[in-house]
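Colleague: Pasting coords_4.txt below, which is compact mmCIF, C-alpha atoms and all ligand atoms.
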# COMPACT_ATOMS: atom_id res chain seq x y z
CA MET A 10 0.00 0.00 0.00
CA SER A 11 1.28 3.46 -0.87
CA GLU A 12 2.39 5.83 1.89
CA CYS A 13 1.05 8.84 -0.03
CA ILE A 14 -2.57 9.53 0.97
CA PHE A 15 -3.51 10.78 -2.48
CA CYS A 16 -1.98 7.70 -4.13
CA ARG A 17 -4.14 5.68 -1.73
CA ILE A 18 -7.22 7.57 -2.94
CA VAL A 19 -6.20 6.72 -6.54
CA GLU A 20 -5.76 3.04 -5.55
CA GLY A 21 -9.07 3.04 -3.67
CA THR A 22 -7.49 1.99 -0.36
CA LEU A 23 -8.45 5.34 1.24
CA PRO A 24 -12.09 6.32 0.77
CA ALA A 25 -12.96 9.61 -0.88
CA GLN A 26 -16.08 11.23 -2.32
CA VAL A 27 -15.05 10.93 -5.96
CA VAL A 28 -16.71 13.40 -8.35
CA LYS A 29 -15.15 12.28 -11.64
CA ARG A 30 -12.31 10.08 -12.74
CA THR A 31 -10.35 9.51 -15.96
CA PRO A 32 -7.44 7.11 -16.51
CA ASP A 33 -5.12 10.08 -15.85
CA ALA A 34 -6.75 12.10 -13.08
CA VAL A 35 -9.22 11.89 -10.18
CA ALA A 36 -11.45 14.62 -8.74
CA PHE A 37 -12.82 14.27 -5.19
CA HIS A 38 -14.27 16.48 -2.46
CA ASP A 39 -11.82 18.04 0.00
CA LEU A 40 -12.19 16.68 3.55
CA ASN A 41 -12.07 20.23 4.98
CA PRO A 42 -13.91 22.42 2.44
CA GLN A 43 -13.04 26.14 2.26
CA ALA A 44 -15.94 27.05 -0.05
CA PRO A 45 -19.40 25.63 -0.92
CA VAL A 46 -17.59 23.67 -3.66
CA HIS A 47 -14.05 22.52 -2.82
CA VAL A 48 -12.82 19.71 -5.05
CA LEU A 49 -9.26 18.40 -5.30
CA VAL A 50 -8.02 17.19 -8.65
CA ILE A 51 -4.93 14.97 -8.77
CA PRO A 52 -3.06 13.05 -11.45
CA THR A 53 -3.15 9.27 -11.04
CA THR A 54 0.66 9.23 -11.28
CA HIS A 55 2.55 10.50 -8.26
CA ILE A 56 4.27 13.81 -8.93
CA PRO A 57 5.13 15.99 -5.93
CA SER A 58 4.00 19.41 -7.16
CA VAL A 59 3.35 21.61 -10.21
CA ALA A 60 7.10 22.32 -10.20
CA THR A 61 7.54 18.96 -11.98
CA ALA A 62 5.71 20.44 -15.00
CA ILE A 63 9.21 21.40 -16.12
CA GLU A 64 9.73 17.70 -17.00
CA ALA A 65 7.84 15.96 -19.82
CA ARG A 66 6.10 13.44 -17.51
CA GLY A 67 5.05 16.18 -15.11
CA LYS A 68 3.86 18.40 -17.95
CA ALA A 69 1.40 15.77 -19.15
CA ALA A 70 0.15 14.99 -15.63
CA VAL A 71 -0.44 18.68 -14.84
CA ALA A 72 -2.25 19.29 -18.13
CA GLN A 73 -4.52 16.28 -17.58
CA ALA A 74 -5.41 17.42 -14.06
CA VAL A 75 -6.14 20.99 -15.21
CA ALA A 76 -8.38 19.64 -17.98
CA LEU A 77 -10.34 17.46 -15.54
CA ALA A 78 -10.68 20.38 -13.08
CA ALA A 79 -12.16 22.57 -15.85
CA GLU A 80 -14.56 19.76 -16.79
CA VAL A 81 -15.69 19.32 -13.18
CA ALA A 82 -16.20 23.09 -12.85
CA ARG A 83 -18.49 22.92 -15.87
CA ASP A 84 -20.28 19.77 -14.59
CA LEU A 85 -20.93 21.42 -11.21
CA GLY A 86 -22.34 24.59 -12.82
CA LEU A 87 -19.55 26.91 -11.67
CA GLU A 88 -18.81 28.50 -15.03
CA ALA A 89 -21.50 31.19 -14.99
CA ASP A 90 -20.39 32.85 -11.75
CA GLY A 91 -16.74 31.82 -11.99
CA TYR A 92 -14.43 29.85 -9.78
CA ARG A 93 -10.82 29.58 -8.68
CA MET A 94 -8.10 26.97 -9.28
CA VAL A 95 -5.17 27.03 -6.86
CA THR A 96 -2.14 24.84 -6.42
CA ASN A 97 0.18 25.26 -3.45
CA VAL A 98 3.89 24.51 -3.68
CA GLY A 99 6.17 23.83 -0.73
CA GLU A 100 6.26 25.40 2.69
CA TYR A 101 5.65 29.05 1.76
CA GLY A 102 2.95 28.02 -0.70
CA GLY A 103 1.13 26.16 2.09
CA GLN A 104 1.36 22.69 0.55
CA SER A 105 0.59 19.96 3.08
CA VAL A 106 0.28 16.91 0.79
CA SER A 107 3.23 16.19 -1.52
CA HIS A 108 1.19 14.82 -4.42
CA PHE A 109 0.34 17.54 -6.94
CA HIS A 110 -3.26 18.69 -6.57
CA ILE A 111 -5.43 21.50 -7.85
CA HIS A 112 -7.93 23.07 -5.46
CA LEU A 113 -11.12 23.84 -7.40
CA LEU A 114 -13.07 26.37 -5.34
CA GLY A 115 -16.46 27.82 -6.15
CA GLY A 116 -19.93 28.73 -4.96
CA ARG A 117 -18.88 32.01 -3.35
CA ARG A 118 -16.98 35.18 -4.31
CA MET A 119 -13.25 34.73 -3.72
CA THR A 120 -11.06 37.43 -2.20
CA TRP A 121 -7.74 38.74 -3.47
CA PRO A 122 -4.96 38.75 -2.43
CA PRO A 123 -5.08 35.26 -0.92
CA GLY A 124 -3.85 34.87 2.66
P1 LIG A 201 -2.56 21.52 0.42
O1 LIG A 201 -2.52 22.06 1.83
O2 LIG A 201 -1.47 20.48 0.25
O3 LIG A 201 -2.58 22.54 -0.64
O4 LIG A 201 -3.94 20.77 0.28
C1 LIG A 201 -4.21 19.52 0.83
C2 LIG A 201 -5.70 19.38 0.95
O5 LIG A 201 -6.00 18.02 1.14
C3 LIG A 201 -6.31 20.13 2.15
O6 LIG A 201 -7.27 21.06 1.67
C4 LIG A 201 -6.93 19.03 3.01
O7 LIG A 201 -8.15 19.41 3.58
C5 LIG A 201 -7.10 17.89 2.00
N1 LIG A 201 -7.00 16.56 2.58
C6 LIG A 201 -6.03 16.10 3.42
N2 LIG A 201 -6.23 14.79 3.70
C7 LIG A 201 -7.33 14.42 3.00
C8 LIG A 201 -8.03 13.18 2.86
O8 LIG A 201 -7.67 12.15 3.44
N3 LIG A 201 -9.13 13.18 2.06
C9 LIG A 201 -9.56 14.30 1.40
N4 LIG A 201 -10.65 14.18 0.65
N5 LIG A 201 -8.92 15.48 1.50
C10 LIG A 201 -7.82 15.54 2.29
ZN ZN A 202 1.00 10.20 -4.37
Is it possible to express this structure as structure tokens?
Modeller:
Amino acid sequence: MSECIFCRIVEGTLPAQVVKRTPDAVAFHDLNPQAPVHVLVIPTTHIPSVATAIEARGKAAVAQAVALAAEVARDLGLEADGYRMVTNVGEYGGQSVSHFHIHLLGGRRMTWPPG
């Protein structure tokens, strides 16, 4: 069994409320939602963060996750009012899980700048 919690969600050994899945990416509800809609979208392959988009393998994984996040935003009816996609990198970015993930946030007006 993988030690990475998001790899375990991909494997199905850790339960999650899955919204949509493709062979390359999985979208599921965040355990601690920060907005009426808070979905995490991850690639099925383990890459640590968006920083790996510099490499070919990471580039594909990031693109597939972004595409699924946009699809889920459309499916959940977020397009009309808008939404936010965020990805945190490292300590200063506030990343707590080292498996690249996109936060898809919607259902309320977002503030700027972020905290
Ligand atoms: P980060 O802080 O790395 O940008 O985001 C990690 C996110 O994963 C957090 O929003 C946190 O609530 C969520 N999270 C952590 N553990 C789990 C889990 O086991 N299941 C789900 N669905 N979300 C989780
Ligand atoms: Zn992982």
Colleague: Using all atoms listed in the file, which of A:Ser105, A:Thr120, A:Thr61, A:Gln43 sits nearest ligand LIG 201 (chain A)?
Modeller: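 Result for the nearest residue to ligand LIG 201 (chain A): A:Ser105.
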Colleague: Ranking A:Leu77, A:Ala69, A:Leu85, A:Ile111 by minimum distance to ligand LIG 201 (chain A) and counting all atoms listed in the file, which one comes first?
Modeller: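 Selected residue with least distance to ligand LIG 201 (chain A): A:Ile111.
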Colleague: Show me which residues line ligand LIG 201 (chain A), defined as having an atom within 7 Å of a ligand atom where only C-alpha atoms and all ligand atoms count, and present them as a PyMOL selection string.
Modeller: chain A and resi 14+25-26+37-42+96-97+103-107
Colleague: Report, in Å to a single decimal, how far apart atom CA of A:Pro52 and atom CA of A:Ala72 are.
Modeller: 9.2 Å
Colleague: Considering all atoms listed in the file, return as a ChimeraX atom specification whatever protein or nucleic-acid residues lie within 9 Å of stretch 47-51 of chain A, sequence-local ones (same chain, fewer than 3 positions apart) excluded.
Modeller: /A:15,19,28,33-44,54-55,70-71,73-75,77-78,81,108-116
Colleague: How far is it from atom CA of A:Ser11 to atom ZN of ligand ZN 202 (chain A), in Å with one decimal?
Modeller: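 Taking atom CA of A:Ser11 and atom ZN of ligand ZN 202 (chain A), their separation equals 7.6 Å.
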Colleague: Do you have the atom CA of A:Pro45-atom CA of A:Gly124 distance handy?
Modeller: 18.4 Å
Colleague: Between A:Val27, A:Val46, A:Ile63, A:Ile56, which one has atoms that come closest to ligand ZN 202 (chain A), using only C-alpha atoms and all ligand atoms?
Modeller: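 When distances to ligand ZN 202 (chain A) are compared using only C-alpha atoms and all ligand atoms, the smallest one comes from A:Ile56.
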Colleague: Using all atoms listed in the file, which residue out of A:Met119, A:Met10, A:Val95, A:Ile18 lies closest to A:Thr53?
Modeller: A:Ile18
Colleague: Around all the atoms of stretch 58-77 of chain A listed in the file, draw an axis-aligned box and extend it by 5 Å on each of the six sides; I want its centre and edge lengths in Å to one decimal, as JSON.
Modeller:
{"center_x": -0.3, "center_y": 17.9, "center_z": -13.5, "size_x": 30.1, "size_y": 18.9, "size_z": 22.7}
Colleague: Given the choices A:Arg118, A:Arg17, A:Arg66, A:Lys29, which gets closest to ligand ZN 202 (chain A) if the distance is worked out from all atoms listed in the file?
Modeller: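 Of all the options, A:Arg17 lies closest to ligand ZN 202 (chain A).
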Colleague: Which residue, A:Ala65, A:Thr31, A:Pro57, A:Gly99, has the smallest gap to A:Cys13 when you use only C-alpha atoms?
Modeller: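 For A:Cys13, the nearest of the given residues is A:Pro57.
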Colleague: Would you mind putting back N, CA and C atoms on stretch 48-67 of chain A, then writing it out as a CSV table (one decimal), in the frame of the given file?
Modeller:
chain,number,residue,atom,x,y,z
A,48,VAL,N,-13.2,21.0,-4.5
A,48,VAL,CA,-12.8,19.7,-5.0
A,48,VAL,C,-11.3,19.7,-5.3
A,49,LEU,N,-10.7,18.6,-5.0
A,49,LEU,CA,-9.3,18.4,-5.3
A,49,LEU,C,-9.1,17.6,-6.6
A,50,VAL,N,-8.2,18.0,-7.4
A,50,VAL,CA,-8.0,17.2,-8.6
A,50,VAL,C,-6.6,16.8,-8.7
A,51,ILE,N,-6.3,15.5,-8.8
A,51,ILE,CA,-4.9,15.0,-8.8
A,51,ILE,C,-4.7,14.1,-10.0
A,52,PRO,N,-3.4,14.0,-10.4
A,52,PRO,CA,-3.1,13.0,-11.4
A,52,PRO,C,-3.0,11.7,-10.8
A,53,THR,N,-3.2,10.6,-11.6
A,53,THR,CA,-3.2,9.3,-11.0
A,53,THR,C,-1.7,8.9,-10.8
A,54,THR,N,-0.8,9.5,-11.5
A,54,THR,CA,0.7,9.2,-11.3
A,54,THR,C,1.2,10.2,-10.2
A,55,HIS,N,2.1,9.7,-9.4
A,55,HIS,CA,2.6,10.5,-8.3
A,55,HIS,C,3.6,11.5,-8.8
A,56,ILE,N,3.2,12.8,-8.7
A,56,ILE,CA,4.3,13.8,-8.9
A,56,ILE,C,4.1,14.7,-7.7
A,57,PRO,N,5.2,15.3,-7.2
A,57,PRO,CA,5.1,16.0,-5.9
A,57,PRO,C,4.4,17.3,-6.0
A,58,SER,N,4.6,18.1,-7.1
A,58,SER,CA,4.0,19.4,-7.2
A,58,SER,C,4.0,19.9,-8.6
A,59,VAL,N,3.4,21.1,-8.8
A,59,VAL,CA,3.4,21.6,-10.2
A,59,VAL,C,4.8,21.9,-10.7
A,60,ALA,N,5.7,22.0,-9.8
A,60,ALA,CA,7.1,22.3,-10.2
A,60,ALA,C,7.6,21.2,-11.2
A,61,THR,N,7.1,20.0,-11.1
A,61,THR,CA,7.5,19.0,-12.0
A,61,THR,C,7.0,19.1,-13.4
A,62,ALA,N,6.2,20.2,-13.6
A,62,ALA,CA,5.7,20.4,-15.0
A,62,ALA,C,6.9,20.8,-15.9
A,63,ILE,N,8.0,21.1,-15.3
A,63,ILE,CA,9.2,21.4,-16.1
A,63,ILE,C,9.7,20.2,-16.9
A,64,GLU,N,9.4,19.0,-16.3
A,64,GLU,CA,9.7,17.7,-17.0
A,64,GLU,C,8.6,17.2,-17.9
A,65,ALA,N,8.9,16.4,-18.9
A,65,ALA,CA,7.8,16.0,-19.8
A,65,ALA,C,6.7,15.2,-19.1
A,66,ARG,N,7.1,14.3,-18.2
A,66,ARG,CA,6.1,13.4,-17.5
A,66,ARG,C,5.2,14.3,-16.6
A,67,GLY,N,5.8,15.3,-16.0
A,67,GLY,CA,5.0,16.2,-15.1
A,67,GLY,C,4.2,17.1,-15.9
